[in-house]
>>> print(open('work-v5.txt').read())   # compact mmCIF, C-alpha atoms and all ligand atoms
# COMPACT_ATOMS: atom_id res chain seq x y z
CA MET A 10 86.80 185.94 267.95
CA GLN A 11 84.33 183.10 267.51
CA TYR A 12 85.67 179.60 266.74
CA VAL A 13 83.92 176.50 265.38
CA PRO A 14 85.08 172.92 264.82
CA PHE A 15 86.50 172.57 261.29
CA GLY A 16 84.17 169.76 260.20
CA SER A 17 85.41 166.55 261.75
CA LEU A 18 89.10 167.44 261.46
CA GLY A 19 89.52 167.72 265.22
CA PHE A 20 90.49 171.36 265.60
CA ASP A 21 88.68 174.66 265.97
CA ILE A 22 88.97 177.40 263.40
CA SER A 23 88.46 181.16 263.70
CA ARG A 24 85.40 182.36 261.80
CA LEU A 25 87.57 185.07 260.23
CA GLY A 26 90.44 183.88 258.04
CA PHE A 27 93.19 186.09 256.64
CA GLY A 28 92.98 186.30 252.83
CA CYS A 29 96.40 187.31 251.52
CA MET A 30 95.32 188.58 248.12
CA ARG A 31 94.95 192.23 249.11
CA LEU A 32 97.94 192.93 251.31
CA PRO A 33 99.09 196.54 251.75
CA THR A 34 101.18 197.67 248.79
CA VAL A 35 103.89 200.26 248.41
CA THR A 36 101.69 202.49 246.25
CA GLY A 37 98.61 201.73 248.31
CA GLU A 38 96.63 201.04 245.14
CA ASP A 39 96.80 198.17 242.67
CA CYS A 40 96.97 194.79 244.38
CA LYS A 41 99.38 193.57 241.67
CA THR A 42 102.06 196.10 242.60
CA SER A 43 104.72 195.35 245.20
CA ILE A 44 103.68 194.44 248.68
CA ASP A 45 104.78 196.71 251.50
CA VAL A 46 106.55 193.75 253.10
CA PRO A 47 107.28 194.97 256.66
CA ARG A 48 103.75 196.34 256.97
CA ALA A 49 102.14 193.21 255.51
CA VAL A 50 104.15 190.92 257.80
CA LYS A 51 103.11 193.02 260.79
CA LEU A 52 99.48 193.00 259.64
CA ILE A 53 99.32 189.22 259.22
CA ARG A 54 100.97 188.70 262.61
CA ALA A 55 98.61 191.19 264.24
CA GLY A 56 95.72 189.18 262.79
CA ILE A 57 97.10 185.99 264.30
CA ASP A 58 97.76 187.71 267.63
CA GLY A 59 94.16 188.92 267.46
CA GLY A 60 92.85 185.35 267.16
CA ILE A 61 92.89 184.45 263.44
CA ASN A 62 94.16 180.90 262.93
CA TYR A 63 93.55 180.39 259.20
CA VAL A 64 95.74 182.01 256.54
CA ASP A 65 94.92 181.74 252.83
CA THR A 66 97.26 182.53 249.99
CA ALA A 67 97.80 181.34 246.41
CA TYR A 68 100.49 181.11 243.75
CA PRO A 69 99.38 184.13 241.68
CA TYR A 70 98.44 186.61 244.43
CA HIS A 71 100.37 189.86 244.17
CA GLY A 72 102.16 188.56 241.08
CA GLY A 73 103.65 185.63 243.03
CA GLN A 74 104.81 187.69 246.04
CA SER A 75 102.03 186.79 248.46
CA GLU A 76 103.39 183.32 249.26
CA LEU A 77 106.85 184.78 249.94
CA VAL A 78 105.44 187.37 252.33
CA VAL A 79 103.21 184.82 254.07
CA GLY A 80 106.32 182.67 254.49
CA GLU A 81 108.05 185.59 256.20
CA ALA A 82 105.05 186.39 258.38
CA LEU A 83 104.77 182.80 259.59
CA ARG A 84 108.34 182.62 260.89
CA ASP A 85 109.15 183.06 264.57
CA GLY A 86 106.54 180.60 265.78
CA TYR A 87 103.54 181.97 263.86
CA ARG A 88 103.32 178.95 261.53
CA GLU A 89 102.46 176.65 264.44
CA ARG A 90 99.55 178.89 265.41
CA VAL A 91 97.64 178.70 262.12
CA LYS A 92 96.25 176.41 259.47
CA LEU A 93 97.84 177.39 256.17
CA ALA A 94 96.14 177.15 252.77
CA THR A 95 97.59 177.68 249.33
CA LYS A 96 96.51 176.66 245.84
CA LEU A 97 97.82 174.86 242.81
CA PRO A 98 97.72 177.25 239.83
CA CYS A 99 95.88 174.83 237.55
CA TRP A 100 96.28 177.08 234.49
CA ALA A 101 100.08 176.67 234.74
CA VAL A 102 99.86 172.88 234.77
CA LYS A 103 100.61 171.07 231.51
CA THR A 104 101.76 167.71 232.87
CA ARG A 105 101.42 165.58 236.00
CA GLN A 106 105.06 166.46 236.84
CA ASP A 107 104.19 170.17 236.86
CA MET A 108 101.94 169.57 239.87
CA ASP A 109 104.80 168.20 241.99
CA ARG A 110 107.15 170.88 240.76
CA LEU A 111 104.74 173.71 241.57
CA LEU A 112 103.88 172.36 245.01
CA ASP A 113 107.60 172.01 245.85
CA GLU A 114 108.20 175.57 244.66
CA GLN A 115 105.32 176.82 246.82
CA LEU A 116 106.56 175.02 249.93
CA LYS A 117 109.96 176.60 249.39
CA LYS A 118 108.46 180.08 249.00
CA LEU A 119 106.38 179.57 252.12
CA GLN A 120 109.39 178.13 254.01
CA VAL A 121 107.36 175.17 255.26
CA PRO A 122 107.61 171.38 254.86
CA TYR A 123 103.84 171.06 254.37
CA VAL A 124 100.62 173.06 254.02
CA ASP A 125 97.38 172.14 255.71
CA PHE A 126 94.94 172.88 252.90
CA TYR A 127 96.01 172.55 249.28
CA LEU A 128 93.41 173.65 246.77
CA LEU A 129 93.05 173.11 243.07
CA HIS A 130 92.67 176.80 242.29
CA ALA A 131 89.56 178.31 240.68
CA LEU A 132 88.01 175.19 239.21
CA GLY A 133 85.43 175.61 236.49
CA LYS A 134 84.17 173.08 233.98
CA ASP A 135 87.07 173.07 231.51
CA ARG A 136 89.80 173.37 234.12
CA TRP A 137 88.29 170.52 236.14
CA GLU A 138 88.20 168.25 233.09
CA LYS A 139 91.79 169.12 232.26
CA MET A 140 93.04 168.56 235.81
CA LYS A 141 91.25 165.22 236.09
CA ALA A 142 92.72 164.06 232.80
CA LEU A 143 96.22 165.10 233.89
CA GLY A 144 95.94 163.07 237.10
CA ALA A 145 95.35 165.83 239.68
CA LEU A 146 93.36 163.54 242.00
CA GLU A 147 96.16 160.96 242.13
CA PHE A 148 98.58 163.83 242.69
CA LEU A 149 96.57 165.02 245.71
CA ASP A 150 96.51 161.48 247.13
CA SER A 151 100.26 161.10 246.72
CA ALA A 152 100.98 164.56 248.23
CA VAL A 153 98.89 163.59 251.28
CA LYS A 154 100.80 160.32 251.53
CA ASP A 155 104.24 161.91 251.34
CA GLY A 156 103.20 164.57 253.88
CA ARG A 157 103.43 167.72 251.74
CA ILE A 158 99.72 168.48 252.16
CA LYS A 159 97.13 167.51 254.73
CA TYR A 160 93.72 168.27 253.29
CA PRO A 161 92.95 168.12 249.55
CA SER A 162 90.55 170.87 248.62
CA PHE A 163 89.42 173.07 245.74
CA SER A 164 88.22 176.57 245.09
CA PHE A 165 85.37 177.10 242.73
CA HIS A 166 84.14 179.61 240.15
CA ASP A 167 81.44 178.22 237.89
CA GLU A 168 77.77 177.25 237.85
CA TYR A 169 76.14 174.86 240.34
CA PRO A 170 76.04 171.72 238.11
CA VAL A 171 79.82 171.87 237.79
CA PHE A 172 80.13 172.18 241.58
CA GLU A 173 77.94 169.10 241.94
CA ASP A 174 80.11 167.14 239.55
CA ILE A 175 83.35 168.13 241.29
CA ILE A 176 82.16 167.56 244.83
CA ASN A 177 80.76 164.13 243.97
CA SER A 178 83.95 162.99 242.26
CA TYR A 179 86.43 162.81 245.13
CA ASP A 180 86.69 162.75 248.93
CA TRP A 181 87.32 166.47 249.32
CA VAL A 182 87.94 167.84 252.78
CA MET A 183 87.06 171.43 251.95
CA ALA A 184 85.66 173.57 249.16
CA GLN A 185 86.19 177.31 248.92
CA ILE A 186 83.25 179.13 247.40
CA GLN A 187 82.19 182.69 246.73
CA TYR A 188 79.23 183.52 248.96
CA ASN A 189 77.65 186.65 250.35
CA TYR A 190 74.10 187.91 250.87
CA LEU A 191 73.76 188.95 247.23
CA ASP A 192 75.17 185.76 245.73
CA ILE A 193 72.92 183.16 247.30
CA HIS A 194 71.91 181.73 243.92
CA HIS A 195 75.16 182.47 242.08
CA GLN A 196 77.88 179.85 241.43
CA ALA A 197 77.66 177.15 244.15
CA GLY A 198 75.17 179.25 246.15
CA MET A 199 72.78 177.91 248.78
CA LYS A 200 72.26 174.73 246.77
CA GLY A 201 75.99 174.12 246.90
CA ILE A 202 76.01 174.62 250.67
CA GLU A 203 73.26 172.01 251.08
CA LEU A 204 75.15 169.56 248.89
CA ALA A 205 78.41 170.14 250.79
CA LYS A 206 76.50 169.42 254.00
CA LYS A 207 75.29 166.08 252.60
CA ARG A 208 78.78 165.16 251.40
CA GLY A 209 80.43 166.22 254.68
CA VAL A 210 82.63 168.75 252.92
CA SER A 211 83.48 171.84 254.99
CA LEU A 212 83.24 175.21 253.32
CA VAL A 213 85.48 178.24 253.34
CA VAL A 214 83.97 181.39 251.93
CA MET A 215 85.80 183.94 249.83
CA GLU A 216 84.60 187.42 249.04
CA PRO A 217 82.08 187.73 251.89
CA LEU A 218 82.07 191.51 251.22
CA ARG A 219 82.02 190.94 247.48
CA GLY A 220 85.58 192.10 247.24
CA GLY A 221 84.76 195.19 249.35
CA ALA A 222 81.69 196.38 247.37
CA LEU A 223 79.30 195.58 250.24
CA ALA A 224 81.40 197.74 252.56
CA LYS A 225 80.56 200.91 250.65
CA PRO A 226 76.76 201.25 250.66
CA SER A 227 75.05 203.95 248.64
CA GLN A 228 72.69 206.31 250.50
CA ASP A 229 69.57 204.25 249.79
CA ILE A 230 71.25 201.07 251.02
CA GLN A 231 72.62 202.84 254.10
CA ALA A 232 69.08 204.05 254.87
CA ILE A 233 67.90 200.42 255.02
CA ILE A 234 70.72 199.62 257.45
CA ASP A 235 69.94 202.69 259.58
CA ALA A 236 66.29 201.69 259.90
CA HIS A 237 67.21 198.51 261.80
CA PRO A 238 67.01 198.90 265.59
CA GLU A 239 70.50 197.46 266.09
CA LYS A 240 73.18 199.83 264.90
CA ARG A 241 75.67 197.76 262.94
CA SER A 242 77.86 198.60 259.97
CA ALA A 243 77.31 197.34 256.42
CA VAL A 244 80.46 195.24 256.86
CA GLU A 245 79.17 193.61 260.01
CA TRP A 246 75.84 192.68 258.42
CA ALA A 247 77.64 191.08 255.47
CA PHE A 248 79.91 189.01 257.74
CA ARG A 249 77.06 188.07 260.07
CA PHE A 250 75.03 186.78 257.12
CA VAL A 251 77.79 184.38 256.05
CA GLY A 252 78.60 183.45 259.64
CA ASP A 253 75.02 182.38 260.30
CA GLU A 254 75.53 179.25 258.15
CA PRO A 255 76.93 176.29 260.16
CA GLN A 256 78.46 174.52 257.15
CA ILE A 257 80.81 177.46 256.65
CA ALA A 258 83.89 176.95 258.78
CA THR A 259 85.61 180.23 258.13
CA MET A 260 85.32 183.22 255.83
CA LEU A 261 88.26 185.01 254.31
CA SER A 262 88.63 188.72 254.09
CA GLY A 263 91.48 190.34 252.24
CA MET A 264 92.19 193.06 254.74
CA SER A 265 94.43 195.72 253.29
CA ASP A 266 95.06 197.97 256.28
CA GLU A 267 95.32 198.00 260.05
CA LYS A 268 91.98 199.74 260.58
CA GLN A 269 90.09 197.08 258.62
CA LEU A 270 91.82 194.33 260.56
CA GLU A 271 91.08 195.98 263.90
CA GLU A 272 87.43 196.51 262.99
CA ASN A 273 87.01 192.95 261.74
CA LEU A 274 88.70 191.38 264.75
CA GLU A 275 86.36 193.33 267.00
CA LEU A 276 83.15 192.49 265.16
CA PHE A 277 83.97 188.78 264.78
CA ASP A 278 83.20 188.41 268.48
CA ARG A 279 79.59 188.71 267.35
CA VAL A 280 79.61 186.63 264.15
CA LYS A 281 77.81 183.56 265.41
CA VAL A 282 76.49 180.40 263.83
CA LYS A 283 72.69 180.72 263.66
CA GLY A 284 73.14 184.15 265.21
CA LEU A 285 70.64 186.04 263.07
CA SER A 286 67.19 186.84 264.46
CA GLU A 287 64.07 187.03 262.31
CA ALA A 288 64.43 190.81 262.22
CA ASP A 289 68.05 190.40 261.07
CA HIS A 290 66.98 188.08 258.25
CA ALA A 291 64.35 190.62 257.25
CA LEU A 292 67.05 193.29 257.08
CA ILE A 293 69.24 191.11 254.87
CA LYS A 294 66.27 190.49 252.59
CA ALA A 295 65.58 194.23 252.43
CA LEU A 296 69.24 194.88 251.56
CA ARG A 297 69.10 192.30 248.80
CA GLU A 298 65.94 193.88 247.42
CA GLY A 299 67.49 197.33 247.74
CA TYR A 300 70.42 196.26 245.60
CA GLN A 301 68.11 194.52 243.13
CA LYS A 302 66.20 197.77 242.65
CA ARG A 303 69.44 199.34 241.52
CA MET A 304 69.77 196.79 238.71
CA PRO A 305 68.49 198.34 235.47
CA ILE A 306 68.19 195.05 233.54
CA GLY A 307 65.71 192.51 234.90
CA CYS A 308 67.86 189.54 233.81
CA THR A 309 67.63 186.58 236.17
CA GLY A 310 70.59 184.75 234.64
CA CYS A 311 68.42 181.78 233.59
CA ARG A 312 70.52 181.46 230.40
CA TYR A 313 67.56 180.52 228.17
CA CYS A 314 69.05 183.01 225.68
CA MET A 315 72.26 180.99 225.47
CA PRO A 316 74.22 179.92 223.59
CA CYS A 317 74.15 182.99 221.42
CA PRO A 318 75.05 181.72 217.91
CA HIS A 319 77.49 184.63 217.56
CA GLY A 320 79.19 184.15 220.90
CA VAL A 321 77.84 187.15 222.84
CA ASP A 322 77.85 186.39 226.57
CA ILE A 323 74.43 187.94 227.15
CA PRO A 324 73.86 186.99 230.84
CA GLY A 325 77.49 187.77 231.71
CA LEU A 326 77.31 191.22 230.12
CA PHE A 327 74.00 191.97 231.81
CA ARG A 328 75.24 190.83 235.19
CA SER A 329 78.41 192.91 235.00
CA TYR A 330 76.47 195.98 233.83
CA ASN A 331 73.89 195.53 236.59
CA GLU A 332 76.67 195.22 239.15
CA ALA A 333 78.32 198.39 237.93
CA ASN A 334 75.01 200.17 238.54
CA MET A 335 74.39 198.48 241.89
CA PHE A 336 77.70 199.62 243.31
CA ASP A 337 77.95 203.03 241.57
CA GLN A 338 80.94 201.80 239.56
CA LEU A 339 79.92 202.75 236.01
CA ASP A 340 83.13 204.75 235.65
CA ARG A 341 85.09 201.49 236.00
CA TYR A 342 82.85 199.53 233.62
CA PRO A 343 84.99 199.96 230.46
CA ARG A 344 87.78 197.99 232.16
CA ARG A 345 85.40 195.15 232.89
CA TYR A 346 83.98 195.29 229.35
CA GLU A 347 87.47 194.89 227.92
CA GLU A 348 87.50 191.33 229.28
CA TYR A 349 84.48 190.47 227.09
CA VAL A 350 86.18 192.06 224.08
CA ARG A 351 89.33 190.05 224.80
CA ASP A 352 87.30 186.82 224.98
CA GLY A 353 85.32 187.66 221.82
CA GLU A 354 82.04 187.72 223.79
CA ASP A 355 81.20 191.44 223.61
CA VAL A 356 78.28 193.21 221.95
CA SER A 357 80.16 193.93 218.69
CA LYS A 358 79.49 190.26 217.78
CA CYS A 359 75.70 190.80 217.90
CA VAL A 360 73.98 190.68 214.47
CA LYS A 361 70.57 191.52 216.01
CA CYS A 362 69.04 188.21 214.90
CA GLY A 363 66.68 188.35 217.91
CA LEU A 364 66.84 184.62 218.74
CA CYS A 365 67.70 185.57 222.32
CA GLU A 366 64.54 187.66 222.69
CA LYS A 367 62.36 184.78 221.50
CA ALA A 368 63.89 182.56 224.21
CA CYS A 369 63.83 185.07 227.07
CA PRO A 370 61.15 184.17 229.68
CA GLN A 371 61.34 187.74 231.03
CA HIS A 372 60.60 189.15 227.54
CA LEU A 373 63.52 191.53 227.86
CA PRO A 374 64.37 193.77 224.89
CA ILE A 375 67.78 192.12 224.86
CA ARG A 376 69.06 193.76 221.69
CA ASP A 377 68.36 197.27 223.04
CA TRP A 378 69.95 196.47 226.38
CA LEU A 379 73.02 195.10 224.65
CA GLN A 380 73.45 198.46 222.90
CA THR A 381 73.16 200.24 226.27
CA VAL A 382 75.81 197.96 227.73
CA HIS A 383 78.04 198.52 224.71
CA LYS A 384 77.72 202.30 225.09
CA ALA A 385 78.73 202.08 228.74
CA GLY A 386 81.67 199.79 228.09
CA ALA A 387 83.16 200.16 224.65
CA ALA A 388 85.98 202.47 223.68
CA ASP A 389 84.20 203.41 220.42
CA LYS A 390 80.97 204.51 222.13
N1 LIG B 401 90.28 180.90 245.29
C1 LIG B 401 89.89 181.89 244.57
O1 LIG B 401 89.60 181.75 243.40
C2 LIG B 401 89.80 183.23 245.25
C3 LIG B 401 89.20 184.29 244.60
C4 LIG B 401 89.05 185.45 245.29
C5 LIG B 401 89.52 185.53 246.61
N2 LIG B 401 90.12 184.49 247.22
C6 LIG B 401 90.64 184.55 248.62
O2 LIG B 401 89.59 184.99 249.43
C7 LIG B 401 90.02 186.13 250.16
C8 LIG B 401 88.82 186.97 250.45
O3 LIG B 401 88.29 187.58 249.27
P1 LIG B 401 88.21 189.13 249.27
O4 LIG B 401 89.55 189.69 249.66
O5 LIG B 401 87.60 189.52 247.99
O6 LIG B 401 87.21 189.37 250.52
P2 LIG B 401 86.20 190.50 250.85
O7 LIG B 401 86.10 190.53 252.33
O8 LIG B 401 84.94 190.32 250.08
O9 LIG B 401 86.86 191.84 250.33
C9 LIG B 401 88.01 192.36 250.92
C10 LIG B 401 87.98 193.87 250.77
O10 LIG B 401 86.90 194.35 251.56
C11 LIG B 401 87.23 195.58 252.13
N3 LIG B 401 87.18 195.45 253.59
C12 LIG B 401 87.53 194.41 254.39
N4 LIG B 401 87.28 194.69 255.69
C13 LIG B 401 86.74 195.93 255.71
C14 LIG B 401 86.28 196.78 256.73
N5 LIG B 401 86.30 196.43 258.01
N6 LIG B 401 85.78 198.00 256.39
C15 LIG B 401 85.73 198.40 255.09
N7 LIG B 401 86.17 197.63 254.07
C16 LIG B 401 86.66 196.42 254.38
C17 LIG B 401 88.64 195.92 251.62
O11 LIG B 401 88.45 196.63 250.41
P3 LIG B 401 89.26 198.00 250.11
O12 LIG B 401 90.68 197.72 250.44
O13 LIG B 401 88.95 198.25 248.67
O14 LIG B 401 88.66 199.02 251.01
C18 LIG B 401 89.21 194.57 251.32
O15 LIG B 401 90.24 194.62 250.38
C19 LIG B 401 91.10 186.76 249.28
O16 LIG B 401 91.92 187.66 249.98
C20 LIG B 401 91.80 185.52 248.83
O17 LIG B 401 92.66 185.06 249.84
C21 LIG B 401 90.24 183.34 246.56
>>> encode(input="work-v5.txt", output="structure tokens", more="lines below")
Ligand SMILES: NC(=O)c1ccc[n+]([C@@H]2O[C@H](COP(=O)([O-])OP(=O)(O)OC[C@H]3O[C@@H](n4cnc5c(N)ncnc54)[C@H](OP(=O)(O)O)[C@@H]3O)[C@@H](O)[C@H]2O)c1
Amino acid sequence: MQYVPFGSLGFDISRLGFGCMRLPTVTGEDCKTSIDVPRAVKLIRAGIDGGINYVDTAYPYHGGQSELVVGEALRDGYRERVKLATKLPCWAVKTRQDMDRLLDEQLKKLQVPYVDFYLLHALGKDRWEKMKALGALEFLDSAVKDGRIKYPSFSFHDEYPVFEDIINSYDWVMAQIQYNYLDIHHQAGMKGIELAKKRGVSLVVMEPLRGGALAKPSQDIQAIIDAHPEKRSAVEWAFRFVGDEPQIATMLSGMSDEKQLEENLELFDRVKVKGLSEADHALIKALREGYQKRMPIGCTGCRYCMPCPHGVDIPGLFRSYNEANMFDQLDRYPRRYEEYVRDGEDVSKCVKCGLCEKACPQHLPIRDWLQTVHKAGAADK
């Protein structure tokens, strides 16, 4: 296991952190079903015995069970061996008092008097505005003062300008961002990493394997990997890419079985800061291009087409459809599409006015592509 100093906090952190969102379950399938508790406890402890010293959980993981299981796993002396992170479920907060109540409930579930990192969970523009207005920053200050949390932090899911606003608004210790070799310009992205560097905010990365998608390369992607002189797995390349960046203290992987844990513990001996050679960078670039070739719609996500006057989330729909193609997951696309229907942002709202096409710098036939997306996703196709 490689370790690096966690910013200027005065301790070293393992480059691999244990993400407790995908613990082994009784059915072995849906991560929302019941956790296989004895197995999960053993798995988390095996990770710590193998050198992991950062454990990440959150209020909603596994329908609220993850914090309870992490609490169990960290008994018997394991708590003292790790830095523990959990997150305030901002969506459940209606008042300033709710913040104290939820934190107290979480500490009880985790069986600890304090957590090291406490994150405002999944901040985006609206949630950030709401949390600020409700006094979340004063709450973090007071929870540091009374010893229930050590390091106020946030996790982030929105566009870069929102990240900039949040990071410039408070003395954050850490930000948790989604980052992997395909998402370098998505959400906080590389720009966000540079800004965090300037602000002295350490980063923790979630979804370094894109939730597992980068671990299952298609034949054409595997061929790119096989052409590199060093024989490494798709998983190792994805971790090594994230690990190359010095601003990133640790990266979380939600390991769901013993084999994954064993493999990851072994390969994190080689995940080094600035550890990629020129040839390695060329491979990563080729992988990125390989995935891009699998994207049918040439949308760059510039959002010139937005806002659609009828509420269709054009770049969102195109991105999700492209992703389904990139990772051979078209069979699962209708489930994803349902989320757009639920939010009233799906293609059925399109009146074919064509304003989007006039604005598109790529001159995409947006209306035709929307119909293709609708056919792939909608129940009435
Ligand atoms: N704050 C937030 O808003 C937020 C959001 C998302 C995640 N998180 C945190 O970040 C953590 C990391 O995200 P993530 O779980 O999506 O990370 P990830 O590493 O991108 O994906 C984890 C998945 O990758 C696959 N995997 C891991 N190691 C593997 C290996 N050696 N070989 C093959 N497949 C492997 C497994 O998928 P299969 O089981 O399908 O094979 C595993 O469930 C989460 O667990 C959670 O703690 C936070």
>>> closest_residue(input="work-v5.txt", among="A:Ile44, A:Asp192, A:Ala101, A:Ser262", to="Ser75 of chain A", atoms="all atoms listed in the file")
A:Ile44
>>> residues_near_ligand(input="work-v5.txt", ligand="ligand LIG 401 (chain B)", cutoff="8 Å", atoms="all atoms listed in the file", output="PyMOL selection string")
chain A and resi 27-32+64-67+96+130-132+163-166+185-187+214-225+244-245+260-266+268-273
>>> write_last_selection(input="work-v5.txt", atoms="C-alpha atoms", output="compact mmCIF listing (two decimals), in the frame of the given file")
# COMPACT_ATOMS: atom_id res chain seq x y z
CA PHE A 27 93.19 186.09 256.64
CA GLY A 28 92.98 186.30 252.83
CA CYS A 29 96.40 187.31 251.52
CA MET A 30 95.32 188.58 248.12
CA ARG A 31 94.95 192.23 249.11
CA LEU A 32 97.94 192.93 251.31
CA VAL A 64 95.74 182.01 256.54
CA ASP A 65 94.92 181.74 252.83
CA THR A 66 97.26 182.53 249.99
CA ALA A 67 97.80 181.34 246.41
CA LYS A 96 96.51 176.66 245.84
CA HIS A 130 92.67 176.80 242.29
CA ALA A 131 89.56 178.31 240.68
CA LEU A 132 88.01 175.19 239.21
CA PHE A 163 89.42 173.07 245.74
CA SER A 164 88.22 176.57 245.09
CA PHE A 165 85.37 177.10 242.73
CA HIS A 166 84.14 179.61 240.15
CA GLN A 185 86.19 177.31 248.92
CA ILE A 186 83.25 179.13 247.40
CA GLN A 187 82.19 182.69 246.73
CA VAL A 214 83.97 181.39 251.93
CA MET A 215 85.80 183.94 249.83
CA GLU A 216 84.60 187.42 249.04
CA PRO A 217 82.08 187.73 251.89
CA LEU A 218 82.07 191.51 251.22
CA ARG A 219 82.02 190.94 247.48
CA GLY A 220 85.58 192.10 247.24
CA GLY A 221 84.76 195.19 249.35
CA ALA A 222 81.69 196.38 247.37
CA LEU A 223 79.30 195.58 250.24
CA ALA A 224 81.40 197.74 252.56
CA LYS A 225 80.56 200.91 250.65
CA VAL A 244 80.46 195.24 256.86
CA GLU A 245 79.17 193.61 260.01
CA MET A 260 85.32 183.22 255.83
CA LEU A 261 88.26 185.01 254.31
CA SER A 262 88.63 188.72 254.09
CA GLY A 263 91.48 190.34 252.24
CA MET A 264 92.19 193.06 254.74
CA SER A 265 94.43 195.72 253.29
CA ASP A 266 95.06 197.97 256.28
CA LYS A 268 91.98 199.74 260.58
CA GLN A 269 90.09 197.08 258.62
CA LEU A 270 91.82 194.33 260.56
CA GLU A 271 91.08 195.98 263.90
CA GLU A 272 87.43 196.51 262.99
CA ASN A 273 87.01 192.95 261.74
>>> closest_residue(input="work-v5.txt", among="A:Pro47, A:Pro98, A:Gly252, A:Pro374", to="Ser23 of chain A", atoms="all atoms listed in the file")
A:Gly252
>>> closest_residue(input="work-v5.txt", among="A:Gln380, A:Asn62, A:Thr104, A:Ser17", to="Thr259 of chain A", atoms="all atoms listed in the file")
A:Asn62
>>> closest_residue(input="work-v5.txt", among="A:Pro14, A:His319, A:Phe327, A:Arg110", to="Gly353 of chain A", atoms="all atoms listed in the file")
A:His319
>>> closest_residue(input="work-v5.txt", among="A:Glu81, A:Asp235, A:Asp125, A:Asp278", to="Val182 of chain A", atoms="all atoms listed in the file")
A:Asp125
>>> atom_distance(input="work-v5.txt", atom1="atom CA of Leu191 of chain A", atom2="atom CA of Gly310 of chain A")
13.6 Å
